[in-house]
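Taking it in order: structure first as structure tokens, then the write-up.
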Number of protein chains: 4
Amino acid sequence: MYSHCLSGGWILGNLIDGTQAEYVRIPHADGSLHHLPPGLDEETCVMLSDIFPTGLECGVLNGEVKPGDTVAIVGAGPIGLAVLLTAQVYSPAAIFVVDLDEKRLAVAKRFGATELINSSSVDAASRVMALTHGVGVDVAIEAVGLPATFEICQAIVAAGGHIANVGVHGTPVKLHLDRLWDRNVSITTRLVDTASTAMLLKMVEAGKLNPTSLVTHRFAMSDMLQAYDTFSRASAEGALKVIVTGPQ
Amino acid sequence: MYSHCLSGGWILGNLIDGTQAEYVRIPHADGSLHHLPPGLDEETCVMLSDIFPTGLECGVLNGEVKPGDTVAIVGAGPIGLAVLLTAQVYSPAAIFVVDLDEKRLAVAKRFGATELINSSSVDAASRVMALTHGVGVDVAIEAVGLPATFEICQAIVAAGGHIANVGVHGTPVKLHLDRLWDRNVSITTRLVDTASTAMLLKMVEAGKLNPTSLVTHRFAMSDMLQAYDTFSRASAEGALKVIVTGPQ
Amino acid sequence: MYSHCLSGGWILGNLIDGTQAEYVRIPHADGSLHHLPPGLDEETCVMLSDIFPTGLECGVLNGEVKPGDTVAIVGAGPIGLAVLLTAQVYSPAAIFVVDLDEKRLAVAKRFGATELINSSSVDAASRVMALTHGVGVDVAIEAVGLPATFEICQAIVAAGGHIANVGVHGTPVKLHLDRLWDRNVSITTRLVDTASTAMLLKMVEAGKLNPTSLVTHRFAMSDMLQAYDTFSRASAEGALKVIVTGPQ
Amino acid sequence: MYSHCLSGGWILGNLIDGTQAEYVRIPHADGSLHHLPPGLDEETCVMLSDIFPTGLECGVLNGEVKPGDTVAIVGAGPIGLAVLLTAQVYSPAAIFVVDLDEKRLAVAKRFGATELINSSSVDAASRVMALTHGVGVDVAIEAVGLPATFEICQAIVAAGGHIANVGVHGTPVKLHLDRLWDRNVSITTRLVDTASTAMLLKMVEAGKLNPTSLVTHRFAMSDMLQAYDTFSRASAEGALKVIVTGPQ
């Protein structure tokens, strides 16, 4: 469990400065870096440093997505989309994506969602239950970090199913143990371990995954402020992931 | 997942009458009954019909108790004690038992608890955290069904740990996702499947488990009302499990 | 483990007559039959009765095929091809298929093999080791049932890898424990349990798997002898699976 | 899989000199050493460096020993005894130990074997099959490294069971795939990873395991030759593990 290593864990950008610099010194580099496979472009690898392992580990692996499963992803921001892309590696039968934003839902459609649910216009939980004939989903993945979206997950998880929390929450939520105590469900949380990076690299090399599909904008390091500005208005700009390229 | 079988599941005492009768007809008997091993007494087998599989499946197996683990069981009623007895099968390093009742704690001690915590006199969570040097427990098992005891479990689960809910809850509880989102924990619920009955039978036959240690009272069927009366004052009577014997 | 159920297991066509009849009585039908999903054609379902669960369970699941894995399938007959089709559900990085017959290899190519190895013209083991830079494959699946093909599997399995035996063997084989004792490998055998039928049905319904791609010939029940004749000359006829349709 | 780490693995006493010296330099020490828990004696820890993780990982964990299982350990040398001691952590119902040497069998009895089988006087396989009413054992652990003992394991493994190879083999063995192809068994090999050392330390600290029970002789480093001499006549001397103490 690298994420909670007593002398390691989440250091960069948390306990010390992050990596937006020309050169960085990486703690525990001997055990934490991967060789770039020859021919793999750097943008792809940037996507494998955090967002793809997060989607895969916290969402897909913790949710135990299996072939034939019905999956709901609540939240179609970059992290929800990373869940969507990595979930397909396990061949679920259906992936419902829930969001308030039509533009994001359109991206989700392009990335393989089998059903889009705009929760600004329909009751998402009712819609998922109708689509699953009252059974609910095998895996509900929370990719927002709000009480309302966690509520949706609890309302739609099938008996024997999994709620995999990916979102960063700022407040407690209500857990309906009075309804869930006998439903054989699991609820999981996780800070990404990046234990799946080697597997992701192999999938990318084999062409099974295209992480750069999340990159919408690119800036030179000298335009860093503009990059942040764009990312801060992600919705208006249609921004998913923003690459800052180093000096050549 | 027998507990949620669409044509089976929890039928006896739930959808139809239970088994407190001279003769009963068991639905799906072909696939749901076990042969009594020769020489095994009936009281032992009664304990394997519900309470021991519940403790083992909902508590120990869902909590993924491993050799060397630190385990806390919150609640020392019959079900908490069944968790305590079955957890030891996996050789955890320590089992803390939390309850308000000194008599129940004394029974827990006799049944193998390594540390007793009376939550009427000390803050249970603080005590567990002190005992674990601030790390918390690998497995916290909720065996009461109240918001307060579920709170304790959330306060003491270590990073990477498991909260296995066994208690029947009547109200929602507060889930501290703001503290737990990055702690790599799992929270599980379960209606017993009795999928572990065959394994329990083998353990009992081999003398690795003595389920009748939970039986404190015995009544003839003609004294059924007295049996219920005793069980309704379980604490005062020191009652754990009450056996009603059939007519000879 | 349905395959070794003491009162069930492999009955049809083994302990009693099989199902090539207008009507059949199925032992343990209550617990062993699946409802045909509306709209699913019968040919598809015939493929799910034996060959697809066999490929998936004995080959892919026992071999623990994971995303990014390198897989070798030794033997491209119908069962090897069923392994090939079901393995892709888990997104391995590469699937090498080994056979002596160019026609079968051509089918394997069409079904998703990433590399074809004709063992009549090249040394299959050497070729696989060269393709994997001396590492070997994560999963080697034996789908023939001969000492020579089991030898290939032993020669190409990587440290930590799996040999999943699917073939029906008529003689003992040589196991190179002097080379494999310290290689952290598993070797598995299995009679199909058809425990995966429900999952396969969901995948087929979702369009993730097309089992009828294995069907090459169709005969009326009145032409049964011709059907057997064709199947007995499978290689010359290019026959994979032969469907016998019932009387209308 | 530390045992096959490309820049690590089995180095000491294999690729470079071992640790029979006053001071040693350990490659990859940052990631491969454990702190001695205060109060734990050094002899105990020596037992955790190789023989106990080997017994636990290659034998017990690879064999997937579960509560209620029937286990056979073929070979009662030090490594077979380490398997015997660590298997009990998972509460199997019965452990049969097979050996040619009465003295070793007597030690096995003292260490918890439930049945002793002297294969110099009885046919071990027939005896195990009789004891299991023709079913065979859930787990057969090969702890010798010879074709004859591997034969016993194949003859006694139950359908669905596991053969965990621990012995170091110098020649190939015969694998009866003609009998085992449909028996749903696994056969595993493993070079110890010492991935279980932290768990073993916790069990030892909790008093769940007493590794020094394997230590029969102690020598000062200045008597090293005598130590080797004693160990070379292990059977006559009743030697299991021999401790060489460093200079004080």
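Note on naming: chains are A, B, ... as they come in the structure tokens, residues start from 1 per chain, ligands start from 1 in the order shown.
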
What are the coordinates of chain C as a compact mmCIF listing (two decimals) with C-alpha atoms, in the first residue's frame following a least-squares fit to chain A on all in-order C-alpha atoms?
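Everything below was put into superposed_28.txt:
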```txt
# COMPACT_ATOMS: atom_id res chain seq x y z
CA MET C 1 -0.01 0.01 0.01
CA TYR C 2 2.41 2.64 -1.29
CA SER C 3 -0.10 5.45 -0.67
CA HIS C 4 0.31 5.03 3.07
CA CYS C 5 3.99 4.13 3.18
CA LEU C 6 5.31 5.56 6.43
CA SER C 7 8.39 7.07 4.80
CA GLY C 8 6.82 7.73 1.40
CA GLY C 9 3.25 7.99 0.20
CA TRP C 10 1.90 11.21 -1.22
CA ILE C 11 4.94 13.47 -1.02
CA LEU C 12 5.14 15.49 -4.26
CA GLY C 13 2.86 18.50 -4.23
CA ASN C 14 1.73 17.56 -0.75
CA LEU C 15 4.64 17.42 1.73
CA ILE C 16 7.15 19.06 -0.64
CA ASP C 17 6.87 21.03 -3.87
CA GLY C 18 5.51 19.24 -6.91
CA THR C 19 7.04 18.66 -10.32
CA GLN C 20 6.22 21.77 -12.34
CA ALA C 21 9.87 22.59 -12.82
CA GLU C 22 12.65 21.99 -15.29
CA TYR C 23 14.35 19.50 -12.97
CA VAL C 24 13.03 17.71 -9.92
CA ARG C 25 14.48 15.49 -7.27
CA ILE C 26 12.22 12.49 -6.60
CA PRO C 27 12.32 10.94 -3.11
CA HIS C 28 12.66 7.14 -3.11
CA ALA C 29 13.37 7.32 -6.84
CA ASP C 30 14.98 3.86 -6.84
CA GLY C 31 11.69 2.24 -6.04
CA SER C 32 9.13 4.63 -7.44
CA LEU C 33 10.12 5.48 -11.02
CA HIS C 34 9.41 3.55 -14.19
CA HIS C 35 11.55 3.49 -17.33
CA LEU C 36 9.84 5.15 -20.26
CA PRO C 37 9.35 2.43 -22.86
CA PRO C 38 11.14 3.44 -26.07
CA GLY C 39 8.76 5.08 -28.48
CA LEU C 40 6.13 6.02 -25.93
CA ASP C 41 5.43 9.74 -26.09
CA GLU C 42 5.78 11.81 -22.94
CA GLU C 43 2.20 13.06 -22.90
CA THR C 44 0.94 9.53 -22.60
CA CYS C 45 3.24 8.93 -19.68
CA VAL C 46 2.09 12.09 -17.91
CA MET C 47 -1.42 10.65 -17.97
CA LEU C 48 -0.10 7.50 -16.30
CA SER C 49 1.48 9.39 -13.40
CA ASP C 50 -1.77 10.05 -11.55
CA ILE C 51 -5.12 10.21 -13.29
CA PHE C 52 -5.15 6.82 -14.99
CA PRO C 53 -3.90 4.82 -11.99
CA THR C 54 -6.45 6.71 -9.88
CA GLY C 55 -9.31 5.81 -12.18
CA LEU C 56 -8.17 2.21 -12.47
CA GLU C 57 -7.26 1.55 -8.84
CA CYS C 58 -9.78 3.59 -6.87
CA GLY C 59 -12.61 3.07 -9.33
CA VAL C 60 -12.28 -0.04 -11.46
CA LEU C 61 -10.18 -2.37 -9.28
CA ASN C 62 -11.77 -1.38 -5.98
CA GLY C 63 -15.17 -1.68 -7.67
CA GLU C 64 -14.15 -5.15 -8.91
CA VAL C 65 -15.50 -4.54 -12.41
CA LYS C 66 -15.96 -7.89 -14.14
CA PRO C 67 -16.90 -8.98 -17.66
CA GLY C 68 -20.66 -8.67 -18.10
CA ASP C 69 -21.09 -6.21 -15.22
CA THR C 70 -23.35 -3.20 -15.21
CA VAL C 71 -21.40 -0.13 -14.11
CA ALA C 72 -22.50 3.40 -13.26
CA ILE C 73 -20.00 6.25 -13.13
CA VAL C 74 -21.33 9.29 -11.31
CA GLY C 75 -19.36 12.29 -12.55
CA ALA C 76 -17.84 12.76 -16.01
CA GLY C 77 -14.94 15.04 -15.16
CA PRO C 78 -11.41 13.95 -16.08
CA ILE C 79 -11.29 11.39 -13.28
CA GLY C 80 -14.70 9.93 -14.14
CA LEU C 81 -13.57 9.70 -17.75
CA ALA C 82 -10.37 7.92 -16.68
CA VAL C 83 -12.60 5.43 -14.86
CA LEU C 84 -14.69 5.07 -18.00
CA LEU C 85 -11.66 4.36 -20.19
CA THR C 86 -10.04 1.87 -17.83
CA ALA C 87 -13.27 0.07 -16.93
CA GLN C 88 -13.66 -1.06 -20.52
CA VAL C 89 -10.51 -3.12 -20.18
CA TYR C 90 -12.63 -5.62 -18.20
CA SER C 91 -15.48 -5.77 -20.73
CA PRO C 92 -18.47 -4.75 -18.63
CA ALA C 93 -21.82 -5.17 -20.39
CA ALA C 94 -22.99 -1.59 -19.80
CA ILE C 95 -21.55 1.66 -18.47
CA PHE C 96 -23.98 4.40 -17.47
CA VAL C 97 -22.45 7.84 -17.01
CA VAL C 98 -24.21 10.47 -14.88
CA ASP C 99 -23.37 14.18 -15.02
CA LEU C 100 -25.04 17.59 -15.09
CA ASP C 101 -23.10 18.84 -18.10
CA GLU C 102 -24.15 17.89 -21.61
CA LYS C 103 -20.69 18.59 -23.01
CA ARG C 104 -19.06 16.20 -20.59
CA LEU C 105 -21.70 13.59 -21.32
CA ALA C 106 -20.97 13.95 -25.02
CA VAL C 107 -17.32 13.22 -24.31
CA ALA C 108 -18.35 10.21 -22.23
CA LYS C 109 -20.37 8.93 -25.17
CA ARG C 110 -17.35 9.25 -27.41
CA PHE C 111 -15.24 7.40 -24.81
CA GLY C 112 -17.51 4.38 -24.65
CA ALA C 113 -20.41 5.11 -22.28
CA THR C 114 -23.39 2.99 -23.23
CA GLU C 115 -25.97 5.26 -21.60
CA LEU C 116 -25.88 8.95 -20.66
CA ILE C 117 -27.92 10.35 -17.77
CA ASN C 118 -28.15 14.10 -17.30
CA SER C 119 -29.02 14.47 -13.64
CA SER C 120 -30.05 18.08 -14.11
CA SER C 121 -33.10 16.96 -16.04
CA VAL C 122 -33.91 13.44 -14.78
CA ASP C 123 -33.70 11.72 -11.42
CA ALA C 124 -30.49 9.77 -11.95
CA ALA C 125 -31.24 7.04 -9.43
CA SER C 126 -34.71 6.35 -10.82
CA ARG C 127 -33.34 6.27 -14.33
CA VAL C 128 -30.62 3.74 -13.43
CA MET C 129 -33.10 1.54 -11.58
CA ALA C 130 -35.43 1.62 -14.58
CA LEU C 131 -32.59 0.74 -16.95
CA THR C 132 -31.64 -2.21 -14.72
CA HIS C 133 -35.23 -3.42 -14.24
CA GLY C 134 -35.12 -2.58 -10.54
CA VAL C 135 -31.96 -4.58 -9.87
CA GLY C 136 -29.40 -1.79 -9.71
CA VAL C 137 -25.80 -1.83 -10.88
CA ASP C 138 -22.99 -4.20 -9.97
CA VAL C 139 -20.60 -1.30 -9.52
CA ALA C 140 -21.36 2.34 -8.70
CA ILE C 141 -18.37 4.65 -8.90
CA GLU C 142 -18.47 8.03 -7.17
CA ALA C 143 -16.24 10.45 -9.07
CA VAL C 144 -17.36 13.83 -7.75
CA GLY C 145 -16.94 14.05 -3.97
CA LEU C 146 -20.31 15.42 -2.85
CA PRO C 147 -23.05 14.05 -0.58
CA ALA C 148 -25.59 14.17 -3.41
CA THR C 149 -23.54 11.99 -5.75
CA PHE C 150 -22.74 9.53 -2.97
CA GLU C 151 -26.51 9.34 -2.37
CA ILE C 152 -27.04 8.33 -5.98
CA CYS C 153 -24.51 5.53 -5.60
CA GLN C 154 -26.27 4.16 -2.52
CA ALA C 155 -29.62 4.28 -4.27
CA ILE C 156 -28.49 2.30 -7.32
CA VAL C 157 -26.09 -0.34 -6.02
CA ALA C 158 -27.44 -3.87 -6.50
CA ALA C 159 -27.38 -6.54 -3.81
CA GLY C 160 -23.85 -7.90 -3.81
CA GLY C 161 -22.57 -4.79 -5.55
CA HIS C 162 -19.76 -2.34 -4.91
CA ILE C 163 -19.59 1.40 -4.33
CA ALA C 164 -16.09 2.58 -5.18
CA ASN C 165 -15.47 6.10 -3.97
CA VAL C 166 -12.99 8.10 -6.04
CA GLY C 167 -14.10 11.64 -5.19
CA VAL C 168 -12.39 13.85 -2.61
CA HIS C 169 -15.00 14.67 0.03
CA GLY C 170 -15.05 17.76 2.21
CA THR C 171 -17.93 16.80 4.50
CA PRO C 172 -19.39 13.64 6.00
CA VAL C 173 -22.19 11.93 4.09
CA LYS C 174 -25.23 10.01 5.21
CA LEU C 175 -24.84 6.23 4.95
CA HIS C 176 -28.14 4.36 4.74
CA LEU C 177 -27.16 1.34 6.79
CA ASP C 178 -30.83 0.88 7.65
CA ARG C 179 -31.34 -0.02 3.98
CA LEU C 180 -27.92 -1.43 3.16
CA TRP C 181 -27.09 -3.59 6.21
CA ASP C 182 -28.46 -6.73 4.54
CA ARG C 183 -27.52 -5.92 0.94
CA ASN C 184 -24.06 -7.53 0.80
CA VAL C 185 -22.40 -4.43 -0.56
CA SER C 186 -18.90 -3.05 -0.19
CA ILE C 187 -17.94 0.61 -0.03
CA THR C 188 -14.31 1.42 -0.66
CA THR C 189 -12.07 4.44 -0.44
CA ARG C 190 -8.52 4.78 -1.74
CA LEU C 191 -5.69 7.16 -2.24
CA VAL C 192 -4.06 6.02 -5.46
CA ASP C 193 -1.12 3.65 -4.87
CA THR C 194 0.13 3.75 -8.49
CA ALA C 195 0.59 0.02 -8.05
CA SER C 196 -0.98 -0.42 -11.48
CA THR C 197 1.42 1.77 -13.45
CA ALA C 198 3.36 -1.16 -14.90
CA MET C 199 0.13 -2.78 -16.07
CA LEU C 200 -1.08 0.48 -17.57
CA LEU C 201 2.20 0.92 -19.42
CA LYS C 202 1.81 -2.54 -20.94
CA MET C 203 -1.75 -1.79 -22.00
CA VAL C 204 -0.76 1.51 -23.56
CA GLU C 205 2.16 -0.08 -25.40
CA ALA C 206 -0.20 -2.73 -26.74
CA GLY C 207 -2.64 -0.11 -27.96
CA LYS C 208 -5.38 -1.22 -25.57
CA LEU C 209 -5.67 2.20 -23.98
CA ASN C 210 -5.14 5.70 -25.33
CA PRO C 211 -4.59 8.02 -22.38
CA THR C 212 -3.90 11.12 -24.45
CA SER C 213 -7.55 11.25 -25.41
CA LEU C 214 -7.95 13.17 -22.14
CA VAL C 215 -5.54 15.92 -23.21
CA THR C 216 -7.43 18.93 -24.54
CA HIS C 217 -4.91 21.77 -24.17
CA ARG C 218 -1.16 22.23 -24.34
CA PHE C 219 0.91 25.18 -23.10
CA ALA C 220 4.59 26.03 -22.99
CA MET C 221 6.01 26.35 -19.50
CA SER C 222 6.35 30.07 -20.12
CA ASP C 223 2.57 30.22 -20.48
CA MET C 224 1.95 28.51 -17.17
CA LEU C 225 -0.39 31.21 -15.90
CA GLN C 226 -2.54 30.86 -18.97
CA ALA C 227 -2.60 27.11 -18.47
CA TYR C 228 -3.91 27.53 -14.93
CA ASP C 229 -6.40 30.11 -16.09
CA THR C 230 -7.75 27.72 -18.71
CA PHE C 231 -7.96 24.85 -16.26
CA SER C 232 -9.78 27.05 -13.73
CA ARG C 233 -12.52 27.57 -16.32
CA ALA C 234 -12.48 23.94 -17.38
CA SER C 235 -16.17 23.69 -18.13
CA ALA C 236 -16.35 26.80 -20.30
CA GLU C 237 -13.11 25.90 -22.07
CA GLY C 238 -14.01 22.24 -22.53
CA ALA C 239 -10.77 21.46 -20.75
CA LEU C 240 -10.06 17.96 -19.47
CA LYS C 241 -6.31 17.62 -18.98
CA VAL C 242 -3.85 20.40 -19.72
CA ILE C 243 -0.27 19.58 -20.67
CA VAL C 244 2.55 21.97 -19.85
CA THR C 245 5.57 21.21 -22.01
CA GLY C 246 9.09 21.74 -20.74
CA PRO C 247 11.66 23.99 -22.39
CA GLN C 248 13.22 22.28 -25.39
```

Problem - strand (DSSP E or B) per DSSP on the backbone: members of stretch 118-200 of chain D, as a PyMOL selection string - result: chain D and resi 118+137-142+157-165+173-175+186-188
